[in-house]
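J.: This is the structure, below, for whatever I ask next.
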Amino acid sequence: MLRFLYSPVQSRMSSICHDNCQVPVSAGKSKPLRFLITLANPHRRLRAGTATDNPDPMLTLIKNANVLAPEPLGHLNLLIGAGRILWMGEDKPSLDPRLLAEEVDLEGLWLTPGLIDGHAHITGGGGEAGFATRVPPVPLSQFTGAGVTSVVGLLGTDDVTRSTSSLIAQVRALREEGMSAWCYTGGYHCPPTTLTGSVRSDLVHIDCVLGLGELAISDHRSSQPTFDELVRLASEVHVAGLMTGKAGVLHLHLGDGERGLSLVNRALDETELPPRVFHPTHINRRRALFEEACELSKRGCWVDLTAFPPSDDTDEVGAAAAIGEFLAAGYPADKLTISSDGGGCLPVFDKQGELVKLDFGRSETLLQTLRQLLQNGQPLGRILPVFTSNIATLLRLAGKGRLQEGADADLLCLDETGELRHVMALGRWHVRDGEQVIKGTFET
Ligand SMILES: [Zn+2]
């Protein structure tokens, strides 16, 4: 159980703290605190891409956490305030108790960065077997309750009845509800659906748009894009990325088609586009594609696994097995990412393209994959970057994917089997002792 020391000083704090006032915090006995805590103006955004400012001016002290940042850092104490990690250290900082809202002793449990789900159909995907199969929007707790504190939403097959506009609205809704969210413009098809008329313009003018995706290749549901069409779109996201400092990523849905990643390899052979622009996903849907993607990572591309639910498809490579294999074979460990396809439909087609089975993805498959890896004997510090820092680096998500001073306070607390105990997003507890304490607006 969490142990809380509550100090009823909230009203006093709000009366003494004005916009951007600075509260000095005294040092611990051997390591000085390096931060003056700037209490944010609640009307000003802390940084692009995060949720609305945490209006709580109070501090949380997390003690005795076994920190994986994602690399193991040992047992540390963390001071949380204004939605960020303000300080980490071995000593307990001496604080004026009036500043402390709560003190939490994790008693040696693992503390990791929140998971980043880089591919989720936040508006609901699907619709591949008639209108009744359109998946409803994914509520907040299906992310935070699964340890996901940051999500990137996108459109897939249905980029007709679903729009970039509604996708952006859902990003904003999730931010208002307390987690971090972004999205891609476009969807499966060419020309891509956009809000402002072009991919480049969407990236330049809409803060939360990080790239284009999921553009489908090697799939019967794709627009069968030509090589020229693909590299032109890649150039659009690349240039817009340069203009804005965003990732500028072309996130590619890979289908079951035999052509696999041939278009991407050709783009690297024949154009000046950097490999980081191409981010293929679903690479473990069949063995030959997975092996092709492993080789592509050696050319500098990040490659994305999907944490598919268990399946009887013998050609599919399970996500946990794929991570183990990728790392054991010595492929670049910083180039592997994983996402859930949450909210998206997971159809099974026969050779004629006829649908034979339908399910939908859930973000909880990420933690299930992580637990499976732990059961297989993989050290948490070795596998955690796949779920956190690797995608944060590719997508240039400032303050995400790592536990360090100044980073957003997106935290997971896990027991030794990988069971979720507590989740904090932007400095607020969403899950405590396994119970969802913050829910989406219409969740009961
Ligand atoms: Zn897809």
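Chain lettering (A, B, ...) mirrors the order of the structure tokens, residue numbering begins at 1 for each chain separately, and ligand numbering begins at 1 in order of display.
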Tell me, as an MDAnalysis selection string, which residues lie within 10 Å of A:Asp341, counting only C-alpha atoms; anything in the same chain fewer than 4 positions away does not count.
T.: chainID A and resid 117:122 125 153:154 156 281:282 305:308 345:346 360:363 365:366
J.: Quick one: contact table of stretch 261-357 of chain A to stretch 230-246 of chain A, 12 Å max, nearest atom pair and distance in Å to one decimal per residue, counting only C-alpha atoms, chain and number order, as a Markdown table?
T.:
```
| residue | atom | partner | partner_atom | distance |
| --- | --- | --- | --- | --- |
| A:Ser262 | CA | A:Leu230 | CA | 11.8 |
| A:Leu263 | CA | A:Leu230 | CA | 8.0 |
| A:Val264 | CA | A:Leu230 | CA | 8.7 |
| A:Asn265 | CA | A:Val231 | CA | 11.3 |
| A:Arg266 | CA | A:Val231 | CA | 9.7 |
| A:Ala267 | CA | A:Val231 | CA | 6.6 |
| A:Leu268 | CA | A:Val231 | CA | 9.7 |
| A:Asp269 | CA | A:Val231 | CA | 11.6 |
| A:Glu270 | CA | A:Val231 | CA | 9.8 |
| A:Thr271 | CA | A:Val231 | CA | 8.0 |
| A:Glu272 | CA | A:Ser235 | CA | 9.4 |
| A:Leu273 | CA | A:Ser235 | CA | 7.0 |
| A:Pro274 | CA | A:His238 | CA | 8.5 |
| A:Pro275 | CA | A:Ala234 | CA | 10.3 |
| A:Arg276 | CA | A:His238 | CA | 9.3 |
| A:Val277 | CA | A:His238 | CA | 6.4 |
| A:Phe278 | CA | A:Ala234 | CA | 7.5 |
| A:His279 | CA | A:Ala234 | CA | 10.5 |
```
J.: For atom CA of A:Leu395 and atom CA of A:Lys335, quote the distance in Å rounded to one decimal.
T.: 12.0 Å
J.: Could you write out, as a PyMOL selection string, all the residues of stretch 212-361 of chain A that DSSP marks as helix (DSSP H, G or I)?
T.: chain A and resi 227-244+262-270+275-277+287-297+319-328+333-335
J.: Where does DSSP see strand (DSSP E or B) in stretch 201-289 of chain A, if you list the residues as a PDB file with N, CA and C atoms, in the first residue's frame?
T.:
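Written output follows (out.pdb):
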```pdb
ATOM      1  N   VAL A 209       0.864  17.279 -34.717  1.00  0.00           N
ATOM      2  CA  VAL A 209       1.080  16.345 -35.834  1.00  0.00           C
ATOM      3  C   VAL A 209       2.583  16.118 -36.018  1.00  0.00           C
ATOM      4  N   LEU A 210       3.004  14.856 -35.879  1.00  0.00           N
ATOM      5  CA  LEU A 210       4.438  14.528 -35.881  1.00  0.00           C
ATOM      6  C   LEU A 210       4.933  13.996 -37.216  1.00  0.00           C
ATOM      7  N   GLY A 211       4.012  13.548 -38.086  1.00  0.00           N
ATOM      8  CA  GLY A 211       4.434  12.935 -39.336  1.00  0.00           C
ATOM      9  C   GLY A 211       3.211  12.439 -40.095  1.00  0.00           C
ATOM     10  N   LEU A 212       3.438  11.484 -40.988  1.00  0.00           N
ATOM     11  CA  LEU A 212       2.365  10.898 -41.798  1.00  0.00           C
ATOM     12  C   LEU A 212       2.268   9.416 -41.463  1.00  0.00           C
ATOM     13  N   GLY A 213       1.048   8.941 -41.257  1.00  0.00           N
ATOM     14  CA  GLY A 213       0.894   7.510 -40.987  1.00  0.00           C
ATOM     15  C   GLY A 213      -0.558   7.144 -40.719  1.00  0.00           C
ATOM     16  N   GLU A 214      -0.867   5.911 -40.710  1.00  0.00           N
ATOM     17  CA  GLU A 214      -0.048   4.826 -41.155  1.00  0.00           C
ATOM     18  C   GLU A 214      -0.302   4.598 -42.638  1.00  0.00           C
ATOM     19  N   LEU A 215       0.622   5.042 -43.472  1.00  0.00           N
ATOM     20  CA  LEU A 215       0.501   4.845 -44.919  1.00  0.00           C
ATOM     21  C   LEU A 215       0.761   3.367 -45.224  1.00  0.00           C
ATOM     22  N   ALA A 216      -0.175   2.755 -45.974  1.00  0.00           N
ATOM     23  CA  ALA A 216      -0.092   1.301 -46.176  1.00  0.00           C
ATOM     24  C   ALA A 216       0.704   0.949 -47.426  1.00  0.00           C
ATOM     25  N   ILE A 217       1.614   0.004 -47.256  1.00  0.00           N
ATOM     26  CA  ILE A 217       2.322  -0.584 -48.408  1.00  0.00           C
ATOM     27  C   ILE A 217       2.298  -2.102 -48.258  1.00  0.00           C
ATOM     28  N   VAL A 249       8.273  11.962 -39.521  1.00  0.00           N
ATOM     29  CA  VAL A 249       8.390  10.520 -39.752  1.00  0.00           C
ATOM     30  C   VAL A 249       7.290  10.042 -40.699  1.00  0.00           C
ATOM     31  N   LEU A 250       7.661   9.141 -41.613  1.00  0.00           N
ATOM     32  CA  LEU A 250       6.679   8.447 -42.443  1.00  0.00           C
ATOM     33  C   LEU A 250       6.467   7.071 -41.811  1.00  0.00           C
ATOM     34  N   HIS A 251       5.360   6.943 -41.082  1.00  0.00           N
ATOM     35  CA  HIS A 251       5.063   5.718 -40.335  1.00  0.00           C
ATOM     36  C   HIS A 251       4.294   4.791 -41.272  1.00  0.00           C
ATOM     37  N   LEU A 252       4.914   3.665 -41.623  1.00  0.00           N
ATOM     38  CA  LEU A 252       4.402   2.807 -42.700  1.00  0.00           C
ATOM     39  C   LEU A 252       3.743   1.547 -42.153  1.00  0.00           C
ATOM     40  N   HIS A 253       2.474   1.350 -42.523  1.00  0.00           N
ATOM     41  CA  HIS A 253       1.805   0.076 -42.243  1.00  0.00           C
ATOM     42  C   HIS A 253       2.295  -0.949 -43.261  1.00  0.00           C
ATOM     43  N   LEU A 254       2.824  -2.050 -42.758  1.00  0.00           N
ATOM     44  CA  LEU A 254       3.252  -3.141 -43.650  1.00  0.00           C
ATOM     45  C   LEU A 254       2.202  -4.237 -43.629  1.00  0.00           C
ATOM     46  N   PHE A 278      11.851   6.812 -42.333  1.00  0.00           N
ATOM     47  CA  PHE A 278      10.982   5.657 -42.582  1.00  0.00           C
ATOM     48  C   PHE A 278      10.846   4.819 -41.312  1.00  0.00           C
ATOM     49  N   HIS A 279       9.619   4.649 -40.868  1.00  0.00           N
ATOM     50  CA  HIS A 279       9.368   3.887 -39.630  1.00  0.00           C
ATOM     51  C   HIS A 279       8.314   2.818 -39.913  1.00  0.00           C
ATOM     52  N   PRO A 280       8.735   1.655 -40.414  1.00  0.00           N
ATOM     53  CA  PRO A 280       7.763   0.591 -40.730  1.00  0.00           C
ATOM     54  C   PRO A 280       7.242  -0.093 -39.468  1.00  0.00           C
ATOM     55  N   THR A 281       5.948  -0.413 -39.478  1.00  0.00           N
ATOM     56  CA  THR A 281       5.338  -1.106 -38.332  1.00  0.00           C
ATOM     57  C   THR A 281       4.694  -2.429 -38.764  1.00  0.00           C
TER      58      THR A 281
END
```
J.: For the atom pair atom CA of A:Leu73 and atom CA of A:Ala409, what is the interatomic distance in Å to one decimal place?
T.: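 These atoms are spaced 16.6 Å apart.
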J.: Neighbouring residues of stretch 380-387 of chain A were defined as those with any atom within 7 Å, considering only C-alpha atoms; residues of the same chain fewer than 2 positions away were excluded. Please report them as a list in words.
T.: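 The contact residues come out as Leu68, Pro70, Glu71, Pro72, Leu115, Ile116, Leu336, Thr337, Ile338, Leu374, Gln378, Ser389 and Asn390 of chain A.
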J.: Next, the residues of the selection above should be written as an mmCIF file, in the first residue's frame with C-alpha atoms.
T.:
```cif
data_model
loop_
_atom_site.group_PDB
_atom_site.id
_atom_site.type_symbol
_atom_site.label_atom_id
_atom_site.label_comp_id
_atom_site.auth_asym_id
_atom_site.auth_seq_id
_atom_site.Cartn_x
_atom_site.Cartn_y
_atom_site.Cartn_z
ATOM 1 C CA LEU A 68 15.212 2.024 -14.291
ATOM 2 C CA PRO A 70 15.504 2.875 -18.472
ATOM 3 C CA GLU A 71 19.039 1.834 -17.463
ATOM 4 C CA PRO A 72 19.263 0.644 -13.853
ATOM 5 C CA LEU A 115 5.143 3.432 -21.705
ATOM 6 C CA ILE A 116 4.846 5.248 -25.027
ATOM 7 C CA LEU A 336 13.635 -1.288 -32.087
ATOM 8 C CA THR A 337 10.244 0.058 -30.981
ATOM 9 C CA ILE A 338 6.912 -1.551 -30.092
ATOM 10 C CA LEU A 374 10.548 -10.945 -17.766
ATOM 11 C CA GLN A 378 15.202 -10.850 -19.838
ATOM 12 C CA SER A 389 13.293 5.746 -24.817
ATOM 13 C CA ASN A 390 13.738 4.385 -28.351
#
```
J.: Extract, using only C-alpha atoms, all DNA, RNA and protein residues at most 9 Å from A:Glu90, discarding same-chain residues fewer than 4 positions from it, and format them as a list in words.
T.: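 The residues satisfying every condition are Lys31, Asn64, Gly74, His75, Leu76, Asn77 and Leu78 of chain A.
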J.: Okay, now the selection with C-alpha atoms, as a PDB file, in the first residue's frame?
T.:
```pdb
ATOM      1  CA  LYS A  31      23.839  16.421  -2.466  1.00  0.00           C
ATOM      2  CA  ASN A  64      13.018   4.036  -2.052  1.00  0.00           C
ATOM      3  CA  GLY A  74      19.602   1.704  -8.151  1.00  0.00           C
ATOM      4  CA  HIS A  75      17.484   2.841  -5.208  1.00  0.00           C
ATOM      5  CA  LEU A  76      16.681   6.542  -5.363  1.00  0.00           C
ATOM      6  CA  ASN A  77      14.297   9.176  -4.037  1.00  0.00           C
ATOM      7  CA  LEU A  78      12.484  11.461  -6.457  1.00  0.00           C
TER       8      LEU A  78
END
```
J.: Could you pull the residues within 12 Å of A:Glu325, counting only C-alpha atoms, minus those fewer than 5 positions along the same chain, as a ChimeraX atom specification?
T.: /A:284,287,290-291,294,317-320,330-333,336,373,376,378,383
J.: Which residue gives the smallest distance to A:Ser163 among A:Val138, A:Thr193, A:Gly418, A:Glu177, with only C-alpha atoms counted?
T.: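 Once distances to A:Ser163 are computed over only C-alpha atoms, the minimum belongs to A:Thr193.
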J.: In Å, with one decimal, what is the gap from atom CA of A:Gly178 to atom CA of A:Gly401?
T.: 16.8 Å
